[in-house]
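Participant: One structure, as structure tokens, below. Some questions next.
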Amino acid sequence: RESCGFASSSNGKRIAPTIRPDLTLAYEVLASVGDKPAMAFPDLVRKEAAALPPDASMVCITSTLDVALVRAIADARTRRRSVHVIYVHAKPSLSVAEREGASQLQAAGCSFTEVPHPRGQWPKQGGVADATA
């Protein structure tokens with residue numbers, strides 16, 4: 001019963017935060033996420049962080065954990081909001097740079113979840129099963 005919104009860097013779609021009885025619309029938009037971003041994800045994180053009230057929580061789901069994104073997420077955290085990062089990847093383990101990025105996020109007060117998900121187990125892109133996997 002909390003307000004929930006959704007924004008995607010790949011398709012430019014945005015669902016304004018509101019209280020919803022379920023997350024079907026968010027799952028449908030999430031399922032439409034592709035690999036050609038309309039906006040760089042760090043830029044989207046900054047834009048959304050600036051638009052949300054300071055006490056709003058952010059959840060960032062990403063398959064790329066680079067320096068620019070770590071900075072953008074850490075900046076979002078400085079606005080007194082809780083930020084949770086879900087890092088989905090198909091590798092057996094994180095690289096040194098990825099582990100360092102995760103450590104930097106945690107040091108900034110963000111929570112971090114690593115989700116190893118081998119590509120062979122990925123459902124067909126574009127369906128609700130893709131979004132909920």
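Identifiers in the structure tokens: chain A, B, ... in order shown; residue index from 1 per chain; ligand index from 1 in order shown.
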Neighbours of region 92-99 of chain A within 8 Å (only C-alpha atoms; same-chain residues fewer than 2 positions away dropped), as a tab-separated table (two decimals) with all heavy atoms, in the first residue's frame?
Facilitator:
```tsv
chain	number	residue	atom	x	y	z
A	65	LEU	N	27.28	-2.27	-13.92
A	65	LEU	CA	27.73	-1.59	-12.71
A	65	LEU	C	29.06	-0.92	-13.02
A	65	LEU	O	30.11	-1.54	-12.91
A	65	LEU	CB	27.88	-2.61	-11.57
A	65	LEU	CG	28.09	-2.04	-10.19
A	65	LEU	CD1	26.89	-1.20	-9.75
A	65	LEU	CD2	28.32	-3.17	-9.19
A	66	ASP	N	28.98	0.34	-13.46
A	66	ASP	CA	30.20	1.06	-13.81
A	66	ASP	C	30.37	2.29	-12.92
A	66	ASP	O	29.50	2.59	-12.09
A	66	ASP	CB	30.22	1.43	-15.30
A	66	ASP	CG	29.05	2.30	-15.71
A	66	ASP	OD1	28.42	2.94	-14.84
A	66	ASP	OD2	28.78	2.37	-16.92
A	90	ALA	N	25.25	-12.34	-15.62
A	90	ALA	CA	25.34	-13.73	-16.07
A	90	ALA	C	26.72	-14.32	-15.82
A	90	ALA	O	27.06	-15.37	-16.36
A	90	ALA	CB	25.00	-13.82	-17.56
A	101	GLY	N	32.77	-1.36	-6.81
A	101	GLY	CA	31.56	-0.55	-6.97
A	101	GLY	C	30.51	-0.89	-5.92
A	101	GLY	O	29.89	-0.02	-5.32
A	102	ALA	N	30.31	-2.19	-5.68
A	102	ALA	CA	29.37	-2.63	-4.66
A	102	ALA	C	29.80	-2.13	-3.28
A	102	ALA	O	28.97	-1.65	-2.49
A	102	ALA	CB	29.25	-4.15	-4.67
A	103	SER	N	31.08	-2.20	-2.99
A	103	SER	CA	31.59	-1.71	-1.71
A	103	SER	C	31.38	-0.21	-1.56
A	103	SER	O	31.02	0.28	-0.48
A	103	SER	CB	33.08	-2.02	-1.56
A	103	SER	OG	33.29	-3.41	-1.49
A	116	PRO	N	23.11	-13.42	-9.58
A	116	PRO	CA	23.67	-14.17	-10.70
A	116	PRO	C	22.56	-14.94	-11.39
A	116	PRO	O	21.80	-15.64	-10.73
A	116	PRO	CB	24.71	-15.08	-10.07
A	116	PRO	CG	24.55	-14.96	-8.60
A	116	PRO	CD	23.54	-13.93	-8.31
```
Participant: Residues near Ala56 (chain A), anyone? I mean within 12 Å using only C-alpha atoms, not counting same-chain ones fewer than 4 positions away, as a PyMOL selection string.
Facilitator: chain A and resi 2-5+17-18+48-52+76-77+79-84
Participant: Please return as JSON, numbers by chain: the residues of region 20-108 of chain A that backbone DSSP assigns to strand (DSSP E or B).
Facilitator: {"A": [58, 59, 60, 61, 62, 83, 84, 85, 86, 87, 88, 89]}
Participant: Nearest to Leu105 (chain A): which of A:Leu23, A:Ala74, A:Val88, A:Ala16 is it, counting only C-alpha atoms?
Facilitator: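 Of A:Leu23, A:Ala74, A:Val88, A:Ala16, the one nearest Leu105 (chain A), counting only C-alpha atoms, is A:Ala74.
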Participant: Go through A:Thr24, A:Ile19, A:Thr113, A:Ala38 one by one, measure the shortest atom-to-atom distance of each to Ile86 (chain A) using only C-alpha atoms, and give the residue with the smallest value.
Facilitator: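 Of the candidates, the smallest distance to Ile86 (chain A) is held by A:Thr113.
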Participant: From region 65-100 of chain A, collect each residue whose DSSP state is helix (DSSP H, G or I) and return the set as a list in words.
Facilitator: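 For region 65-100 of chain A, the helix (DSSP H, G or I) set is Val67, Ala68, Leu69, Val70, Arg71, Ala72, Ile73, Ala74, Asp75, Ala76, Arg77, Val96, Ala97, Glu98, Arg99 and Glu100 of chain A.
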Participant: Can you write just those residues out, N, CA and C atoms, as a short mmCIF file (atom, residue, chain, number, x, y, z; two decimals), in the first residue's frame?
Facilitator:
```cif
data_model
loop_
_atom_site.label_atom_id
_atom_site.label_comp_id
_atom_site.auth_asym_id
_atom_site.auth_seq_id
_atom_site.Cartn_x
_atom_site.Cartn_y
_atom_site.Cartn_z
N VAL A 67 31.48 2.99 -13.08
CA VAL A 67 31.81 4.12 -12.23
C VAL A 67 30.74 5.21 -12.30
N ALA A 68 30.26 5.53 -13.51
CA ALA A 68 29.25 6.59 -13.68
C ALA A 68 27.97 6.24 -12.93
N LEU A 69 27.56 4.99 -13.00
CA LEU A 69 26.34 4.58 -12.31
C LEU A 69 26.53 4.59 -10.80
N VAL A 70 27.66 4.12 -10.34
CA VAL A 70 27.95 4.13 -8.90
C VAL A 70 27.89 5.56 -8.36
N ARG A 71 28.46 6.50 -9.09
CA ARG A 71 28.41 7.92 -8.67
C ARG A 71 26.98 8.44 -8.64
N ALA A 72 26.21 8.15 -9.68
CA ALA A 72 24.83 8.63 -9.75
C ALA A 72 23.99 8.07 -8.61
N ILE A 73 24.17 6.79 -8.31
CA ILE A 73 23.40 6.16 -7.24
C ILE A 73 23.83 6.72 -5.89
N ALA A 74 25.13 6.90 -5.69
CA ALA A 74 25.62 7.49 -4.44
C ALA A 74 25.09 8.91 -4.27
N ASP A 75 25.00 9.67 -5.37
CA ASP A 75 24.43 11.02 -5.32
C ASP A 75 22.96 10.97 -4.91
N ALA A 76 22.22 10.00 -5.44
CA ALA A 76 20.81 9.84 -5.08
C ALA A 76 20.68 9.56 -3.58
N ARG A 77 21.60 8.81 -3.04
CA ARG A 77 21.59 8.46 -1.62
C ARG A 77 21.80 9.70 -0.75
N VAL A 96 36.78 -7.52 -10.00
CA VAL A 96 37.34 -6.65 -8.95
C VAL A 96 36.66 -5.28 -9.00
N ALA A 97 36.49 -4.72 -10.20
CA ALA A 97 35.85 -3.41 -10.34
C ALA A 97 34.39 -3.45 -9.86
N GLU A 98 33.68 -4.52 -10.16
CA GLU A 98 32.29 -4.65 -9.71
C GLU A 98 32.21 -4.79 -8.19
N ARG A 99 33.12 -5.55 -7.62
CA ARG A 99 33.15 -5.68 -6.15
C ARG A 99 33.45 -4.33 -5.50
N GLU A 100 34.37 -3.58 -6.11
CA GLU A 100 34.71 -2.25 -5.60
C GLU A 100 33.48 -1.32 -5.69
#
```
Participant: Between A:Tyr27, A:Val59, A:Gly109, A:Asp43, which has the minimum distance to Ile15 (chain A) (counting only C-alpha atoms)?
Facilitator: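 Nearest candidate to Ile15 (chain A) out of A:Tyr27, A:Val59, A:Gly109, A:Asp43: A:Tyr27.
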